[in-house]
file coords_28.pdb (PDB, C-alpha atoms (C1' of nucleotides))
ATOM      1  CA  MET P  22      12.350 -12.215 -22.835
ATOM      2  CA  ILE P  23      13.768 -14.711 -25.295
ATOM      3  CA  ASP P  24      13.712 -18.450 -24.832
ATOM      4  CA  ARG P  25      17.429 -19.191 -24.794
ATOM      5  CA  LYS P  26      16.883 -22.880 -25.241
ATOM      6  CA  ASN P  27      15.338 -22.254 -28.657
ATOM      7  CA  PRO P  28      17.217 -19.340 -30.177
ATOM      8  CA  GLY P  29      15.672 -18.033 -33.377
ATOM      9  CA  LYS P  30      12.366 -19.695 -32.686
ATOM     10  CA  ALA P  31       9.496 -17.347 -32.030
ATOM     11  CA  ALA P  32       7.952 -19.018 -29.010
ATOM     12  CA  CYS P  33       4.364 -18.189 -28.177
ATOM     13  CA  VAL P  34       3.920 -14.503 -27.365
ATOM     14  CA  ASP P  35       6.140 -13.747 -24.372
ATOM     15  CA  GLY P  36       5.956 -17.373 -23.278
ATOM     16  CA  ARG P  37       8.335 -19.224 -21.034
ATOM     17  CA  SER P  38       8.937 -21.906 -23.648
ATOM     18  CA  PRO P  39       7.429 -23.097 -26.925
ATOM     19  CA  CYS P  40       5.580 -25.894 -25.119
ATOM     20  CA  PRO P  41       1.850 -25.709 -25.831
ATOM     21  CA  VAL P  42       1.125 -26.623 -22.209
ATOM     22  CA  ALA P  43       3.383 -23.875 -20.848
ATOM     23  CA  CYS P  44       1.898 -21.334 -23.257
ATOM     24  CA  SER P  45      -1.647 -22.324 -22.361
ATOM     25  CA  LEU P  46      -0.797 -22.022 -18.684
ATOM     26  CA  ASP P  47       0.659 -18.555 -19.229
ATOM     27  CA  LEU P  48      -2.871 -17.550 -20.165
ATOM     28  CA  LEU P  49      -5.043 -19.924 -18.148
ATOM     29  CA  GLY P  50      -2.810 -21.017 -15.283
ATOM     30  CA  ASP P  51      -4.525 -19.567 -12.239
ATOM     31  CA  LYS P  52      -7.436 -20.282  -9.962
ATOM     32  CA  TRP P  53     -10.020 -18.060 -11.681
ATOM     33  CA  THR P  54      -9.629 -17.889 -15.451
ATOM     34  CA  LEU P  55     -10.961 -21.337 -16.292
ATOM     35  CA  LEU P  56     -13.772 -20.854 -13.796
ATOM     36  CA  LEU P  57     -14.872 -17.868 -15.850
ATOM     37  CA  VAL P  58     -14.712 -19.946 -19.017
ATOM     38  CA  ARG P  59     -16.829 -22.548 -17.226
ATOM     39  CA  ASP P  60     -19.429 -19.896 -16.359
ATOM     40  CA  LEU P  61     -19.500 -18.709 -19.951
ATOM     41  CA  LEU P  62     -19.998 -22.277 -21.157
ATOM     42  CA  LEU P  63     -22.813 -22.598 -18.629
ATOM     43  CA  GLY P  64     -24.495 -19.704 -20.371
ATOM     44  CA  LYS P  65     -23.643 -16.838 -18.030
ATOM     45  CA  THR P  66     -22.874 -13.581 -19.802
ATOM     46  CA  THR P  67     -22.802 -10.611 -17.436
ATOM     47  CA  TYR P  68     -20.432  -9.229 -14.849
ATOM     48  CA  THR P  69     -23.013  -9.653 -12.120
ATOM     49  CA  GLU P  70     -23.712 -13.257 -13.057
ATOM     50  CA  PHE P  71     -20.017 -14.082 -12.819
ATOM     51  CA  GLN P  72     -19.875 -12.419  -9.405
ATOM     52  CA  LYS P  73     -22.761 -14.550  -8.178
ATOM     53  CA  SER P  74     -20.996 -17.862  -8.829
ATOM     54  CA  PRO P  75     -20.536 -19.833  -5.619
ATOM     55  CA  GLU P  76     -16.745 -19.432  -5.620
ATOM     56  CA  GLY P  77     -17.108 -15.691  -5.069
ATOM     57  CA  ILE P  78     -14.540 -14.142  -7.382
ATOM     58  CA  PRO P  79     -13.200 -10.793  -6.130
ATOM     59  CA  THR P  80     -14.373  -8.014  -8.445
ATOM     60  CA  ASN P  81     -10.922  -6.635  -9.168
ATOM     61  CA  ILE P  82      -9.825 -10.040 -10.399
ATOM     62  CA  LEU P  83     -13.016 -10.485 -12.388
ATOM     63  CA  ALA P  84     -12.499  -7.173 -14.186
ATOM     64  CA  GLU P  85      -8.854  -7.938 -14.872
ATOM     65  CA  ARG P  86      -9.555 -11.449 -16.181
ATOM     66  CA  LEU P  87     -12.318 -10.251 -18.474
ATOM     67  CA  LYS P  88      -9.834  -7.808 -19.993
ATOM     68  CA  ARG P  89      -7.182 -10.478 -20.401
ATOM     69  CA  LEU P  90      -9.552 -12.967 -21.964
ATOM     70  CA  GLN P  91     -10.801 -10.299 -24.321
ATOM     71  CA  ALA P  92      -7.256  -9.299 -25.227
ATOM     72  CA  ALA P  93      -6.470 -12.962 -25.879
ATOM     73  CA  GLY P  94      -9.477 -13.321 -28.178
ATOM     74  CA  ILE P  95     -11.176 -15.868 -25.968
ATOM     75  CA  ILE P  96     -14.197 -13.718 -25.231
ATOM     76  CA  GLU P  97     -15.953 -10.769 -26.824
ATOM     77  CA  LYS P  98     -17.614  -7.902 -25.022
ATOM     78  CA  ALA P  99     -20.827  -6.574 -26.481
ATOM     79  CA  ARG P 100     -23.089  -3.745 -25.406
ATOM     80  CA  TYR P 101     -26.509  -5.360 -25.486
ATOM     81  CA  GLN P 102     -28.446  -2.386 -24.239
ATOM     82  CA  GLU P 103     -28.062   1.395 -24.161
ATOM     83  CA  ARG P 104     -29.631   3.527 -21.455
ATOM     84  CA  PRO P 105     -28.619   2.049 -19.115
ATOM     85  CA  VAL P 106     -25.490   0.631 -20.749
ATOM     86  CA  ARG P 107     -25.151  -3.092 -20.146
ATOM     87  CA  TYR P 108     -22.512  -5.493 -21.396
ATOM     88  CA  ALA P 109     -22.614  -9.161 -22.257
ATOM     89  CA  TYR P 110     -19.578 -11.390 -22.620
ATOM     90  CA  HIS P 111     -19.519 -14.316 -24.999
ATOM     91  CA  LEU P 112     -16.985 -16.960 -25.889
ATOM     92  CA  THR P 113     -15.357 -16.858 -29.289
ATOM     93  CA  ALA P 114     -14.527 -20.075 -31.168
ATOM     94  CA  LYS P 115     -11.138 -19.967 -29.465
ATOM     95  CA  GLY P 116     -12.881 -19.857 -26.108
ATOM     96  CA  ARG P 117     -15.412 -22.558 -26.907
ATOM     97  CA  ASP P 118     -12.533 -24.794 -27.939
ATOM     98  CA  LEU P 119     -11.465 -24.854 -24.302
ATOM     99  CA  ARG P 120     -14.384 -27.194 -23.603
ATOM    100  CA  PRO P 121     -12.208 -30.328 -23.850
ATOM    101  CA  VAL P 122      -9.912 -28.938 -21.163
ATOM    102  CA  LEU P 123     -12.829 -28.242 -18.825
ATOM    103  CA  SER P 124     -14.367 -31.556 -19.754
ATOM    104  CA  ALA P 125     -11.209 -33.442 -18.811
ATOM    105  CA  MET P 126     -11.096 -31.590 -15.495
ATOM    106  CA  ILE P 127     -14.697 -32.524 -14.747
ATOM    107  CA  ASP P 128     -13.930 -36.182 -15.370
ATOM    108  CA  TRP P 129     -10.810 -36.067 -13.242
ATOM    109  CA  GLY P 130     -12.522 -34.170 -10.450
ATOM    110  CA  ASN P 131     -15.474 -36.524 -10.424
ATOM    111  CA  LYS P 132     -13.180 -39.540 -10.299
ATOM    112  CA  TYR P 133     -10.752 -38.351  -7.639
ATOM    113  CA  ILE P 134     -12.364 -35.617  -5.565
ATOM    114  CA  PRO P 135     -15.249 -36.945  -3.506
ATOM    115  CA  GLY P 136     -18.249 -34.672  -3.145
ATOM    116  CA  THR P 137     -17.941 -32.927  -6.509
ATOM    117  CA  VAL P 138     -21.129 -32.566  -8.485
ATOM    118  CA  PRO P 139     -21.231 -35.217 -11.211
ATOM    119  CA  ARG P 140     -20.952 -34.455 -14.919
ATOM    120  CA  GLU P 141     -24.510 -35.573 -15.650
ATOM    121  CA  GLN P 142     -25.866 -33.039 -13.207
ATOM    122  CA  ILE P 143     -23.792 -30.278 -14.778
ATOM    123  CA  GLU P 144     -24.816 -31.309 -18.278
ATOM    124  CA  ALA P 145     -28.459 -31.226 -17.257
ATOM    125  CA  MET P 146     -28.204 -27.478 -16.749
ATOM    126  CA  ALA P 147     -25.636 -26.852 -19.463
ATOM    127  CA  PRO P 148     -26.205 -28.387 -22.883
ATOM    128  CA  GLN P 149     -23.236 -26.400 -24.222
ATOM    129  CA  LEU P 150     -20.752 -28.269 -22.090
ATOM    130  CA  SER P 151     -21.814 -31.721 -23.278
ATOM    131  CA  GLU P 152     -20.531 -30.986 -26.763
ATOM    132  CA  GLY P 153     -17.007 -30.951 -25.391
ATOM    133  CA  LYS P 154     -17.077 -34.623 -24.515
ATOM    134  CA  GLN P 155     -16.428 -37.415 -26.986
ATOM    135  CA  HIS P 156     -18.380 -40.566 -26.027
TER     136      HIS P 156
ATOM    137  CA  MET K  13     -14.810 -22.596   5.365
ATOM    138  CA  ILE K  14     -18.263 -23.799   4.424
ATOM    139  CA  ASP K  15     -19.846 -23.359   1.051
ATOM    140  CA  ARG K  16     -22.870 -21.271   1.989
ATOM    141  CA  LYS K  17     -24.541 -21.808  -1.348
ATOM    142  CA  ASN K  18     -24.699 -25.558  -0.662
ATOM    143  CA  PRO K  19     -25.377 -25.938   3.038
ATOM    144  CA  GLY K  20     -25.132 -29.462   4.302
ATOM    145  CA  LYS K  21     -23.140 -30.639   1.321
ATOM    146  CA  ALA K  22     -19.591 -31.730   2.012
ATOM    147  CA  ALA K  23     -17.788 -29.978  -0.800
ATOM    148  CA  CYS K  24     -14.386 -31.239  -1.845
ATOM    149  CA  VAL K  25     -11.812 -30.863   0.905
ATOM    150  CA  ASP K  26     -11.622 -27.180   1.770
ATOM    151  CA  GLY K  27     -12.783 -26.274  -1.706
ATOM    152  CA  ARG K  28     -14.469 -23.101  -2.805
ATOM    153  CA  SER K  29     -17.466 -24.983  -4.155
ATOM    154  CA  PRO K  30     -18.472 -28.552  -5.020
ATOM    155  CA  CYS K  31     -17.744 -27.918  -8.712
ATOM    156  CA  PRO K  32     -15.248 -30.460 -10.035
ATOM    157  CA  VAL K  33     -13.546 -27.732 -12.054
ATOM    158  CA  ALA K  34     -13.174 -25.450  -9.035
ATOM    159  CA  CYS K  35     -11.860 -28.308  -6.916
ATOM    160  CA  SER K  36      -9.383 -29.358  -9.594
ATOM    161  CA  LEU K  37      -8.179 -25.781  -9.902
ATOM    162  CA  ASP K  38      -7.706 -25.544  -6.136
ATOM    163  CA  LEU K  39      -5.036 -28.184  -6.630
ATOM    164  CA  LEU K  40      -3.758 -27.548 -10.147
ATOM    165  CA  GLY K  41      -4.650 -23.929 -10.813
ATOM    166  CA  ASP K  42      -1.287 -22.239 -11.097
ATOM    167  CA  LYS K  43       1.509 -21.761 -13.592
ATOM    168  CA  TRP K  44       3.741 -24.606 -12.419
ATOM    169  CA  THR K  45       1.861 -27.640 -11.145
ATOM    170  CA  LEU K  46       0.652 -28.973 -14.485
ATOM    171  CA  LEU K  47       4.069 -28.302 -15.979
ATOM    172  CA  LEU K  48       5.496 -30.700 -13.403
ATOM    173  CA  VAL K  49       2.873 -33.291 -14.304
ATOM    174  CA  ARG K  50       3.873 -32.796 -17.934
ATOM    175  CA  ASP K  51       7.518 -33.466 -17.071
ATOM    176  CA  LEU K  52       6.563 -36.605 -15.168
ATOM    177  CA  LEU K  53       4.526 -37.812 -18.156
ATOM    178  CA  LEU K  54       7.541 -37.096 -20.343
ATOM    179  CA  GLY K  55       9.491 -39.514 -18.184
ATOM    180  CA  LYS K  56      11.414 -37.129 -15.951
ATOM    181  CA  THR K  57      11.753 -38.318 -12.376
ATOM    182  CA  THR K  58      14.312 -36.324 -10.399
ATOM    183  CA  TYR K  59      14.485 -32.907  -8.803
ATOM    184  CA  THR K  60      17.362 -31.895 -11.038
ATOM    185  CA  GLU K  61      15.568 -32.989 -14.195
ATOM    186  CA  PHE K  62      12.563 -30.856 -13.257
ATOM    187  CA  GLN K  63      14.852 -27.891 -12.658
ATOM    188  CA  LYS K  64      16.394 -28.276 -16.089
ATOM    189  CA  SER K  65      13.112 -27.863 -17.960
ATOM    190  CA  PRO K  66      13.195 -24.837 -20.254
ATOM    191  CA  GLU K  67      10.646 -22.873 -18.193
ATOM    192  CA  GLY K  68      13.119 -22.691 -15.288
ATOM    193  CA  ILE K  69      11.000 -23.365 -12.227
ATOM    194  CA  PRO K  70      12.328 -21.657  -9.060
ATOM    195  CA  THR K  71      13.615 -24.297  -6.642
ATOM    196  CA  ASN K  72      11.507 -23.215  -3.686
ATOM    197  CA  ILE K  73       8.383 -23.590  -5.802
ATOM    198  CA  LEU K  74       9.575 -26.934  -7.133
ATOM    199  CA  ALA K  75      10.122 -28.298  -3.613
ATOM    200  CA  GLU K  76       6.746 -26.976  -2.446
ATOM    201  CA  ARG K  77       4.860 -28.370  -5.429
ATOM    202  CA  LEU K  78       6.434 -31.788  -5.077
ATOM    203  CA  LYS K  79       5.230 -31.847  -1.472
ATOM    204  CA  ARG K  80       1.725 -30.768  -2.437
ATOM    205  CA  LEU K  81       1.445 -33.269  -5.256
ATOM    206  CA  GLN K  82       2.658 -36.001  -2.947
ATOM    207  CA  ALA K  83       0.182 -34.971  -0.242
ATOM    208  CA  ALA K  84      -2.581 -35.023  -2.865
ATOM    209  CA  GLY K  85      -1.631 -38.548  -3.945
ATOM    210  CA  ILE K  86      -0.709 -37.470  -7.459
ATOM    211  CA  ILE K  87       2.945 -38.454  -7.166
ATOM    212  CA  GLU K  88       5.020 -40.803  -5.046
ATOM    213  CA  LYS K  89       8.538 -40.190  -3.813
ATOM    214  CA  ALA K  90      10.879 -43.145  -3.789
ATOM    215  CA  ARG K  91      14.488 -43.491  -2.703
ATOM    216  CA  TYR K  92      16.076 -45.258  -5.658
ATOM    217  CA  GLN K  93      19.602 -45.284  -4.339
ATOM    218  CA  GLU K  94      21.359 -45.189  -0.963
ATOM    219  CA  ARG K  95      24.826 -43.720  -0.597
ATOM    220  CA  PRO K  96      24.351 -41.142  -1.938
ATOM    221  CA  VAL K  97      20.629 -40.894  -1.274
ATOM    222  CA  ARG K  98      18.719 -40.108  -4.427
ATOM    223  CA  TYR K  99      15.006 -39.711  -4.910
ATOM    224  CA  ALA K 100      12.749 -40.392  -7.862
ATOM    225  CA  TYR K 101       9.225 -39.078  -8.288
ATOM    226  CA  HIS K 102       6.583 -41.015 -10.158
ATOM    227  CA  LEU K 103       2.970 -40.407 -11.043
ATOM    228  CA  THR K 104       0.306 -42.488  -9.355
ATOM    229  CA  ALA K 105      -2.819 -43.616 -11.241
ATOM    230  CA  LYS K 106      -4.442 -40.389 -10.046
ATOM    231  CA  GLY K 107      -1.598 -38.427 -11.584
ATOM    232  CA  ARG K 108      -1.519 -40.373 -14.841
ATOM    233  CA  ASP K 109      -5.233 -39.711 -15.201
ATOM    234  CA  LEU K 110      -4.408 -36.043 -15.687
ATOM    235  CA  ARG K 111      -3.183 -36.937 -19.172
ATOM    236  CA  PRO K 112      -6.495 -35.973 -20.822
ATOM    237  CA  VAL K 113      -6.226 -32.501 -19.283
ATOM    238  CA  LEU K 114      -2.706 -32.024 -20.606
ATOM    239  CA  SER K 115      -3.713 -33.563 -23.904
ATOM    240  CA  ALA K 116      -6.560 -31.089 -24.328
ATOM    241  CA  MET K 117      -4.196 -28.229 -23.530
ATOM    242  CA  ILE K 118      -1.725 -29.430 -26.141
ATOM    243  CA  ASP K 119      -4.456 -29.502 -28.777
ATOM    244  CA  TRP K 120      -5.715 -26.073 -27.813
ATOM    245  CA  GLY K 121      -2.229 -24.597 -27.666
ATOM    246  CA  ASN K 122      -1.293 -26.071 -31.036
ATOM    247  CA  LYS K 123      -4.457 -24.722 -32.610
ATOM    248  CA  TYR K 124      -4.430 -21.209 -31.184
ATOM    249  CA  ILE K 125      -0.917 -20.312 -30.085
ATOM    250  CA  PRO K 126       1.427 -19.997 -33.040
ATOM    251  CA  GLY K 127       4.947 -21.275 -32.542
ATOM    252  CA  THR K 128       4.123 -24.026 -30.065
ATOM    253  CA  VAL K 129       5.745 -27.368 -30.690
ATOM    254  CA  PRO K 130       3.234 -29.720 -32.319
ATOM    255  CA  ARG K 131       1.753 -32.756 -30.575
ATOM    256  CA  GLU K 132       3.437 -35.198 -32.950
ATOM    257  CA  GLN K 133       6.843 -33.853 -32.022
ATOM    258  CA  ILE K 134       6.043 -34.186 -28.318
ATOM    259  CA  GLU K 135       4.683 -37.697 -28.786
ATOM    260  CA  ALA K 136       7.828 -38.699 -30.609
ATOM    261  CA  MET K 137       9.818 -38.204 -27.418
ATOM    262  CA  ALA K 138       7.047 -39.213 -25.026
ATOM    263  CA  PRO K 139       5.135 -42.405 -25.727
ATOM    264  CA  GLN K 140       3.415 -42.058 -22.363
ATOM    265  CA  LEU K 141       1.593 -38.904 -23.385
ATOM    266  CA  SER K 142       0.051 -40.395 -26.509
ATOM    267  CA  GLU K 143      -2.041 -42.748 -24.436
ATOM    268  CA  GLY K 144      -3.974 -39.746 -23.146
ATOM    269  CA  LYS K 145      -5.444 -38.931 -26.538
ATOM    270  CA  GLN K 146      -8.444 -40.692 -28.039
ATOM    271  CA  HIS K 147      -8.189 -40.816 -31.845
TER     272      HIS K 147
ATOM    273  C1'  DC M  23     -34.582  13.187  -3.198
ATOM    274  C1'  DT M  24     -33.383   8.584  -1.702
ATOM    275  C1'  DA M  25     -32.385   3.957  -2.637
ATOM    276  C1'  DG M  26     -30.844   0.534  -5.678
ATOM    277  C1'  DT M  27     -28.440  -1.897  -9.582
ATOM    278  C1'  DA M  28     -24.636  -2.727 -12.995
ATOM    279  C1'  DA M  29     -20.037  -2.473 -14.090
ATOM    280  C1'  DC M  30     -16.183  -1.212 -12.691
ATOM    281  C1'  DT M  31     -11.797   1.096 -10.146
ATOM    282  C1'  DT M  32      -9.057   1.978  -6.159
ATOM    283  C1'  DT M  33      -6.802   0.901  -1.969
ATOM    284  C1'  DC M  34      -3.990  -1.828   0.845
ATOM    285  C1'  DA M  35      -2.701  -5.779   3.671
ATOM    286  C1'  DA M  36      -1.514 -10.487   2.950
ATOM    287  C1'  DT M  37       0.088 -14.069   0.243
ATOM    288  C1'  DT M  38       2.788 -15.931  -3.537
ATOM    289  C1'  DT M  39       6.490 -15.792  -6.703
ATOM    290  C1'  DA M  40      11.112 -14.996  -8.586
ATOM    291  C1'  DC M  41      15.731 -14.889  -8.017
ATOM    292  C1'  DA M  42      19.951 -15.521  -5.480
ATOM    293  C1'  DA M  43      22.568 -17.701  -2.259
ATOM    294  C1'  DG M  44      23.555 -21.181   1.138
ATOM    295  C1'  DT M  45      23.586 -26.071   3.272
ATOM    296  C1'  DG M  46      24.861 -30.915   3.998
ATOM    297  C1'  DA M  47      25.744 -35.332   2.358
ATOM    298  C1'  DC M  48      28.299 -37.563  -0.763
ATOM    299  C1'  DT M  49      31.421 -38.428  -5.188
ATOM    300  C1'  DT M  50      34.960 -37.666  -8.529
ATOM    301  C1'  DA M  51      39.307 -35.521 -10.180
ATOM    302  C1'  DT M  52      44.006 -34.187  -9.121
TER     303       DT M  52
ATOM    304  C1'  DA B   5      43.966 -35.628   0.902
ATOM    305  C1'  DT B   6      42.386 -31.524  -0.723
ATOM    306  C1'  DA B   7      39.449 -29.266  -4.202
ATOM    307  C1'  DA B   8      35.740 -29.065  -6.951
ATOM    308  C1'  DG B   9      31.279 -30.800  -8.234
ATOM    309  C1'  DT B  10      26.459 -32.921  -7.856
ATOM    310  C1'  DC B  11      21.933 -33.611  -5.695
ATOM    311  C1'  DA B  12      18.159 -32.267  -3.096
ATOM    312  C1'  DC B  13      16.916 -29.143  -0.813
ATOM    313  C1'  DT B  14      16.318 -24.602   2.516
ATOM    314  C1'  DT B  15      16.594 -19.720   3.475
ATOM    315  C1'  DG B  16      16.244 -14.779   2.563
ATOM    316  C1'  DT B  17      14.419 -11.003   0.242
ATOM    317  C1'  DA B  18      12.370  -8.036  -3.244
ATOM    318  C1'  DA B  19       8.738  -7.874  -6.541
ATOM    319  C1'  DA B  20       4.341  -9.221  -8.153
ATOM    320  C1'  DT B  21      -0.194 -10.959  -7.452
ATOM    321  C1'  DT B  22      -4.285 -11.748  -4.774
ATOM    322  C1'  DG B  23      -8.209 -11.009  -1.661
ATOM    323  C1'  DA B  24     -11.458  -8.227   0.721
ATOM    324  C1'  DA B  25     -13.585  -4.101   1.107
ATOM    325  C1'  DA B  26     -14.858   0.358  -0.128
ATOM    326  C1'  DG B  27     -15.473   3.898  -3.612
ATOM    327  C1'  DT B  28     -17.014   5.560  -8.380
ATOM    328  C1'  DT B  29     -19.991   6.457 -12.313
ATOM    329  C1'  DA B  30     -24.097   6.066 -14.787
ATOM    330  C1'  DC B  31     -28.538   5.134 -14.847
ATOM    331  C1'  DT B  32     -33.554   3.749 -12.984
ATOM    332  C1'  DA B  33     -37.464   3.378  -9.951
ATOM    333  C1'  DG B  34     -40.243   5.110  -6.178
TER     334       DG B  34
END
call {"tool": "encode", "arguments": {"input": "coords_28.pdb", "output": "structure tokens"}}
result
Amino acid sequence: MIDRKNPGKAACVDGRSPCPVACSLDLLGDKWTLLLVRDLLLGKTTYTEFQKSPEGIPTNILAERLKRLQAAGIIEKARYQERPVRYAYHLTAKGRDLRPVLSAMIDWGNKYIPGTVPREQIEAMAPQLSEGKQH
Amino acid sequence: MIDRKNPGKAACVDGRSPCPVACSLDLLGDKWTLLLVRDLLLGKTTYTEFQKSPEGIPTNILAERLKRLQAAGIIEKARYQERPVRYAYHLTAKGRDLRPVLSAMIDWGNKYIPGTVPREQIEAMAPQLSEGKQH
DNA sequence: CTAGTAACTTTCAATTTACAAGTGACTTAT
DNA sequence: ATAAGTCACTTGTAAATTGAAAGTTACTAG
């Protein structure tokens, strides 16, 4: 599909428009993808760990999202053990650079949604996330 | 639905968990909602203007999202003209505070998705968005 | 041999989305 | 005054996506 409002311009791969927000949302705009990125930033690496998160992601969606994120170059899948085969998922630089997005959501959530666990408490268990915030 | 991993804690309204990211995504986690917030930050205010955006939001989704955003206190609907009745939508403080989220997405999109229109070009037409970035 | 774990895949009903068309109040052009 | 057009929706329907559960494969431990 071609963006008819910008003929000739190669919009982001198969995107709805050349807007960076629209293109980002084409990849991240759902209820689960950024939650997975959050888990990865919190240090989780395996399929089972992702499943155990309190939101309870359905396994079909988990498997599909891992594939999509890998295809998009946001995560990498590595076999960390043979016999039995076990896989670990890690963020790439592209994935780690999503920290500011998550960080902004934490701030917004903390400010406007009562009952959400505060940033400091999250940072206490996740040193990796803190680096996304500019003080 | 109660969050069984955090008994006793009043998680955000009907949320999947007390995580600020999860709660934010319960409200904003889809392909269209943040695009509407973007349009509002760009100065668009009417139903027809939202429809005209290059992504082409379906009208049933537009009407539903406007209702949800209003119910969430992110936008306000105001009658700006009688005979004929016309409505304008504006961001509340809660809505304007989503700027850092959009801002982070613009940066990420510009860095990793080739062909997206650069921040400077967006800022040129939208002074309101610039205020969301800390230089 | 039985039970259990990890990482998935499959199935299918339910929900959401996309696209098209229609509605009602009002205005503008002929 | 009739015809066409705009705005802000609503309705209908087909297609796509999601959620919940069960099944699969490969391996280990008792």
call {"tool": "interface_residues", "arguments": {"input": "coords_28.pdb", "of": "chain K", "to": "chain B", "cutoff": "10 Å", "atoms": "only C-alpha atoms (C1' of nucleotides)", "output": "PyMOL selection string"}}
result
chain K and resi 58-60+71-72+74-75+96-99
call {"tool": "resolve_selection", "arguments": {"input": "coords_28.pdb", "expression": "the PyMOL selection byres ((chain K and resi 56) around 12)", "output": "list in words"}}
result
Leu47, Leu48, Val49, Arg50, Asp51, Leu52, Leu53, Leu54, Gly55, Thr57, Thr58, Tyr59, Thr60, Glu61, Phe62, Gln63, Lys64, Ser65, Tyr99, Ala100, Tyr101, His102, Leu103, Met137, Ala138 and Gln140 of chain K
call {"tool": "interface_residues", "arguments": {"input": "coords_28.pdb", "of": "chain K", "to": "chain P", "cutoff": "9 Å", "atoms": "all atoms listed in the file", "output": "VMD selection string"}}
result
chain K and resid 15 to 18 21 to 25 27 to 44 46 to 47 50 66 to 68 106 109 to 131 134 146
call {"tool": "write_last_selection", "arguments": {"input": "coords_28.pdb", "atoms": "C-alpha atoms", "output": "PDB file, in the coordinates of the input"}}
result
ATOM      1  CA  ASP K  15     -19.846 -23.359   1.051  1.00  0.00           C
ATOM      2  CA  ARG K  16     -22.870 -21.271   1.989  1.00  0.00           C
ATOM      3  CA  LYS K  17     -24.541 -21.808  -1.348  1.00  0.00           C
ATOM      4  CA  ASN K  18     -24.699 -25.558  -0.662  1.00  0.00           C
ATOM      5  CA  LYS K  21     -23.140 -30.639   1.321  1.00  0.00           C
ATOM      6  CA  ALA K  22     -19.591 -31.730   2.012  1.00  0.00           C
ATOM      7  CA  ALA K  23     -17.788 -29.978  -0.800  1.00  0.00           C
ATOM      8  CA  CYS K  24     -14.386 -31.239  -1.845  1.00  0.00           C
ATOM      9  CA  VAL K  25     -11.812 -30.863   0.905  1.00  0.00           C
ATOM     10  CA  GLY K  27     -12.783 -26.274  -1.706  1.00  0.00           C
ATOM     11  CA  ARG K  28     -14.469 -23.101  -2.805  1.00  0.00           C
ATOM     12  CA  SER K  29     -17.466 -24.983  -4.155  1.00  0.00           C
ATOM     13  CA  PRO K  30     -18.472 -28.552  -5.020  1.00  0.00           C
ATOM     14  CA  CYS K  31     -17.744 -27.918  -8.712  1.00  0.00           C
ATOM     15  CA  PRO K  32     -15.248 -30.460 -10.035  1.00  0.00           C
ATOM     16  CA  VAL K  33     -13.546 -27.732 -12.054  1.00  0.00           C
ATOM     17  CA  ALA K  34     -13.174 -25.450  -9.035  1.00  0.00           C
ATOM     18  CA  CYS K  35     -11.860 -28.308  -6.916  1.00  0.00           C
ATOM     19  CA  SER K  36      -9.383 -29.358  -9.594  1.00  0.00           C
ATOM     20  CA  LEU K  37      -8.179 -25.781  -9.902  1.00  0.00           C
ATOM     21  CA  ASP K  38      -7.706 -25.544  -6.136  1.00  0.00           C
ATOM     22  CA  LEU K  39      -5.036 -28.184  -6.630  1.00  0.00           C
ATOM     23  CA  LEU K  40      -3.758 -27.548 -10.147  1.00  0.00           C
ATOM     24  CA  GLY K  41      -4.650 -23.929 -10.813  1.00  0.00           C
ATOM     25  CA  ASP K  42      -1.287 -22.239 -11.097  1.00  0.00           C
ATOM     26  CA  LYS K  43       1.509 -21.761 -13.592  1.00  0.00           C
ATOM     27  CA  TRP K  44       3.741 -24.606 -12.419  1.00  0.00           C
ATOM     28  CA  LEU K  46       0.652 -28.973 -14.485  1.00  0.00           C
ATOM     29  CA  LEU K  47       4.069 -28.302 -15.979  1.00  0.00           C
ATOM     30  CA  ARG K  50       3.873 -32.796 -17.934  1.00  0.00           C
ATOM     31  CA  PRO K  66      13.195 -24.837 -20.254  1.00  0.00           C
ATOM     32  CA  GLU K  67      10.646 -22.873 -18.193  1.00  0.00           C
ATOM     33  CA  GLY K  68      13.119 -22.691 -15.288  1.00  0.00           C
ATOM     34  CA  LYS K 106      -4.442 -40.389 -10.046  1.00  0.00           C
ATOM     35  CA  ASP K 109      -5.233 -39.711 -15.201  1.00  0.00           C
ATOM     36  CA  LEU K 110      -4.408 -36.043 -15.687  1.00  0.00           C
ATOM     37  CA  ARG K 111      -3.183 -36.937 -19.172  1.00  0.00           C
ATOM     38  CA  PRO K 112      -6.495 -35.973 -20.822  1.00  0.00           C
ATOM     39  CA  VAL K 113      -6.226 -32.501 -19.283  1.00  0.00           C
ATOM     40  CA  LEU K 114      -2.706 -32.024 -20.606  1.00  0.00           C
ATOM     41  CA  SER K 115      -3.713 -33.563 -23.904  1.00  0.00           C
ATOM     42  CA  ALA K 116      -6.560 -31.089 -24.328  1.00  0.00           C
ATOM     43  CA  MET K 117      -4.196 -28.229 -23.530  1.00  0.00           C
ATOM     44  CA  ILE K 118      -1.725 -29.430 -26.141  1.00  0.00           C
ATOM     45  CA  ASP K 119      -4.456 -29.502 -28.777  1.00  0.00           C
ATOM     46  CA  TRP K 120      -5.715 -26.073 -27.813  1.00  0.00           C
ATOM     47  CA  GLY K 121      -2.229 -24.597 -27.666  1.00  0.00           C
ATOM     48  CA  ASN K 122      -1.293 -26.071 -31.036  1.00  0.00           C
ATOM     49  CA  LYS K 123      -4.457 -24.722 -32.610  1.00  0.00           C
ATOM     50  CA  TYR K 124      -4.430 -21.209 -31.184  1.00  0.00           C
ATOM     51  CA  ILE K 125      -0.917 -20.312 -30.085  1.00  0.00           C
ATOM     52  CA  PRO K 126       1.427 -19.997 -33.040  1.00  0.00           C
ATOM     53  CA  GLY K 127       4.947 -21.275 -32.542  1.00  0.00           C
ATOM     54  CA  THR K 128       4.123 -24.026 -30.065  1.00  0.00           C
ATOM     55  CA  VAL K 129       5.745 -27.368 -30.690  1.00  0.00           C
ATOM     56  CA  PRO K 130       3.234 -29.720 -32.319  1.00  0.00           C
ATOM     57  CA  ARG K 131       1.753 -32.756 -30.575  1.00  0.00           C
ATOM     58  CA  ILE K 134       6.043 -34.186 -28.318  1.00  0.00           C
ATOM     59  CA  GLN K 146      -8.444 -40.692 -28.039  1.00  0.00           C
TER      60      GLN K 146
END
